[in-house]
$ cat query07.txt   # compact mmCIF, C-alpha atoms
# COMPACT_ATOMS: atom_id res chain seq x y z
CA MET A 1 -15.42 2.82 9.25
CA GLN A 2 -16.61 -0.39 7.71
CA VAL A 3 -15.14 -3.15 5.59
CA GLY A 4 -14.88 -1.93 1.99
CA ASP A 5 -14.53 1.78 2.77
CA LEU A 6 -11.90 3.72 0.82
CA ILE A 7 -9.36 5.61 2.97
CA VAL A 8 -6.22 7.69 2.55
CA ASP A 9 -3.37 7.59 5.07
CA ARG A 10 -1.10 10.42 6.23
CA ASP A 11 1.33 9.68 3.38
CA GLY A 12 -1.40 10.02 0.75
CA GLN A 13 -1.65 6.27 0.08
CA LEU A 14 -5.12 5.02 -0.86
CA GLY A 15 -6.40 1.82 0.71
CA ILE A 16 -9.47 -0.32 1.31
CA VAL A 17 -10.56 -1.26 4.84
CA LEU A 18 -10.45 -5.05 5.32
CA THR A 19 -11.58 -5.40 8.96
CA GLU A 20 -13.92 -3.74 11.43
CA PRO A 21 -12.14 -1.44 13.94
CA ARG A 22 -10.89 -3.26 17.04
CA LEU A 23 -9.36 -1.94 20.26
CA SER A 24 -5.58 -2.04 20.06
CA ALA A 25 -3.88 -4.65 22.24
CA ASP A 26 -1.69 -1.80 23.59
CA CYS A 27 -4.81 -0.37 25.28
CA GLU A 28 -5.49 -3.52 27.31
CA PRO A 29 -4.16 -4.08 30.85
CA GLY A 30 -0.38 -4.46 30.69
CA GLY A 31 -0.16 -2.74 27.31
CA GLU A 32 2.00 0.29 26.52
CA ALA A 33 -1.07 2.52 26.06
CA TYR A 34 -3.16 1.18 28.95
CA CYS A 35 -5.87 3.70 29.97
CA GLU A 36 -5.86 5.12 26.42
CA GLU A 37 -8.23 4.09 23.68
CA TYR A 38 -7.47 3.75 19.99
CA TYR A 39 -8.68 1.39 17.32
CA ILE A 40 -6.88 -0.59 14.62
CA ILE A 41 -8.09 -1.63 11.15
CA GLU A 42 -6.39 -3.79 8.54
CA VAL A 43 -5.99 -1.88 5.27
CA GLN A 44 -5.17 -3.19 1.78
CA PHE A 45 -2.89 -0.68 0.11
CA ALA A 46 -1.62 -1.03 -3.49
CA THR A 47 0.82 -3.87 -2.81
CA TRP A 48 0.65 -4.58 0.92
CA ILE A 49 -1.70 -5.06 3.87
CA GLU A 50 -1.02 -3.09 7.03
CA PRO A 51 -2.66 -2.53 10.42
CA VAL A 52 -3.40 1.19 10.87
CA ALA A 53 -4.93 3.23 13.69
CA THR A 54 -8.28 4.73 12.70
CA ASP A 55 -7.13 8.21 13.74
CA GLU A 56 -4.26 8.02 11.23
CA VAL A 57 -6.49 7.74 8.15
CA GLU A 58 -9.21 9.79 6.49
CA LEU A 59 -12.38 8.24 5.10
CA ILE A 60 -12.68 9.07 1.38
CA ASN A 61 -15.72 7.05 0.36
CA GLU A 62 -18.04 4.73 2.26
CA LEU A 63 -19.04 1.43 0.69
CA SER A 64 -22.76 1.66 0.10
CA SER A 65 -24.81 -1.34 1.17
CA ARG A 66 -26.55 -3.21 -1.60
$ encode --input "query07.txt" --output "structure tokens"
Amino acid sequence: MQVGDLIVDRDGQLGIVLTEPRLSADCEPGGEAYCEEYYIIEVQFATWIEPVATDEVELINELSSR
């Protein structure tokens, strides 16, 4: 996923990816999910911005480079 891609979450909400995927802080030493690996993106939904795990959304349309 890249910045500008259109996604849909598990609740059917459409959003636009605002950040590149980054390893969740929970996956770092001392975190609740240490030894696991999942990535977080910031998503702009209709009226709010929310951090979401990449495995909880589906890519609808990639932003084409210009």
$ residues_around --input "query07.txt" --residues "Ser24 (chain A)" --least-positions-apart "3" --cutoff "8 Å" --atoms "only C-alpha atoms" --output "list in words"
Cys27, Glu28, Glu37, Tyr38, Tyr39 and Ile40 of chain A
$ closest_residue --input "query07.txt" --among "A:Val3, A:Asp9, A:Ala53, A:Ala46" --to "Ala25 (chain A)" --atoms "all atoms listed in the file"
A:Ala53
$ residues_around --input "query07.txt" --residues "region 57-63 of chain A" --least-positions-apart "5" --cutoff "9 Å" --atoms "all atoms listed in the file" --output "ChimeraX atom specification"
/A:1-10,14,52
$ closest_residue --input "query07.txt" --among "A:Cys35, A:Gly30, A:Ser64, A:Gln44" --to "Leu18 (chain A)" --atoms "only C-alpha atoms"
A:Gln44
$ closest_residue --input "query07.txt" --among "A:Asp55, A:Asp26, A:Asp11, A:Glu20" --to "Val43 (chain A)" --atoms "all atoms listed in the file"
A:Glu20
$ axis_aligned_box --input "query07.txt" --around "region 42-56 of chain A" --padding-each-side "8 Å" --output "lines of an AutoDock Vina configuration file"
center_x = -3.7
center_y = 1.6
center_z = 5.1
size_x = 25.1
size_y = 29.3
size_z = 33.2
$ atom_distance --input "query07.txt" --atom1 "CA of Gln13 (chain A)" --atom2 "CA of Ala33 (chain A)"
26.3 Å
$ atom_distance --input "query07.txt" --atom1 "CA of Ile49 (chain A)" --atom2 "CA of Glu32 (chain A)"
23.6 Å
$ atom_distance --input "query07.txt" --atom1 "CA of Thr54 (chain A)" --atom2 "CA of Gly12 (chain A)"
14.8 Å
$ decode --input "query07.txt" --residues "chain A" --atoms "C-alpha atoms" --output "CSV table (one decimal), in the first residue's frame"
chain,number,residue,atom,x,y,z
A,1,MET,CA,0.0,0.0,0.0
A,2,GLN,CA,1.1,3.5,-0.8
A,3,VAL,CA,0.0,7.0,0.2
A,4,GLY,CA,-3.1,7.9,-1.8
A,5,ASP,CA,-4.4,4.4,-2.3
A,6,LEU,CA,-8.1,3.9,-1.8
A,7,ILE,CA,-9.0,1.2,0.8
A,8,VAL,CA,-12.1,-0.3,2.5
A,9,ASP,CA,-12.1,-1.5,6.1
A,10,ARG,CA,-13.9,-4.5,7.6
A,11,ASP,CA,-17.0,-2.2,8.3
A,12,GLY,CA,-17.2,-1.2,4.7
A,13,GLN,CA,-15.9,2.3,5.3
A,14,LEU,CA,-13.9,3.8,2.4
A,15,GLY,CA,-10.6,5.6,3.2
A,16,ILE,CA,-7.5,7.1,1.7
A,17,VAL,CA,-4.0,5.9,2.9
A,18,LEU,CA,-2.1,8.9,4.4
A,19,THR,CA,1.2,7.2,5.4
A,20,GLU,CA,3.5,4.4,4.3
A,21,PRO,CA,3.1,1.1,6.3
A,22,ARG,CA,5.2,1.0,9.5
A,23,LEU,CA,5.9,-1.8,11.9
A,24,SER,CA,3.5,-1.5,14.9
A,25,ALA,CA,5.1,-0.5,18.2
A,26,ASP,CA,3.5,-3.6,19.8
A,27,CYS,CA,5.8,-5.7,17.7
A,28,GLU,CA,9.0,-4.2,19.1
A,29,PRO,CA,10.8,-5.6,22.2
A,30,GLY,CA,8.6,-5.1,25.3
A,31,GLY,CA,5.5,-4.7,23.2
A,32,GLU,CA,2.3,-6.8,23.6
A,33,ALA,CA,2.8,-8.5,20.2
A,34,TYR,CA,6.6,-9.0,20.4
A,35,CYS,CA,7.8,-11.7,18.0
A,36,GLU,CA,4.8,-11.0,15.7
A,37,GLU,CA,4.8,-8.7,12.7
A,38,TYR,CA,2.0,-6.4,11.6
A,39,TYR,CA,2.0,-3.0,10.0
A,40,ILE,CA,0.0,0.2,10.6
A,41,ILE,CA,-1.1,2.9,8.2
A,42,GLU,CA,-2.9,6.1,8.9
A,43,VAL,CA,-6.2,6.3,7.0
A,44,GLN,CA,-8.4,9.3,6.3
A,45,PHE,CA,-12.0,8.2,6.5
A,46,ALA,CA,-15.0,10.4,5.7
A,47,THR,CA,-14.8,12.5,8.9
A,48,TRP,CA,-11.9,11.1,10.9
A,49,ILE,CA,-8.3,9.8,10.7
A,50,GLU,CA,-7.4,6.5,12.2
A,51,PRO,CA,-4.4,4.1,12.5
A,52,VAL,CA,-5.4,0.8,11.0
A,53,ALA,CA,-3.5,-2.5,10.6
A,54,THR,CA,-2.8,-3.3,6.9
A,55,ASP,CA,-4.3,-6.8,7.3
A,56,GLU,CA,-7.6,-5.2,8.4
A,57,VAL,CA,-8.2,-3.4,5.1
A,58,GLU,CA,-8.6,-4.2,1.4
A,59,LEU,CA,-7.0,-2.3,-1.4
A,60,ILE,CA,-9.7,-1.0,-3.7
A,61,ASN,CA,-7.6,1.2,-6.1
A,62,GLU,CA,-4.0,2.1,-6.3
A,63,LEU,CA,-3.0,5.7,-6.9
A,64,SER,CA,-1.2,5.8,-10.2
A,65,SER,CA,2.0,7.7,-10.4
A,66,ARG,CA,2.0,10.7,-12.6
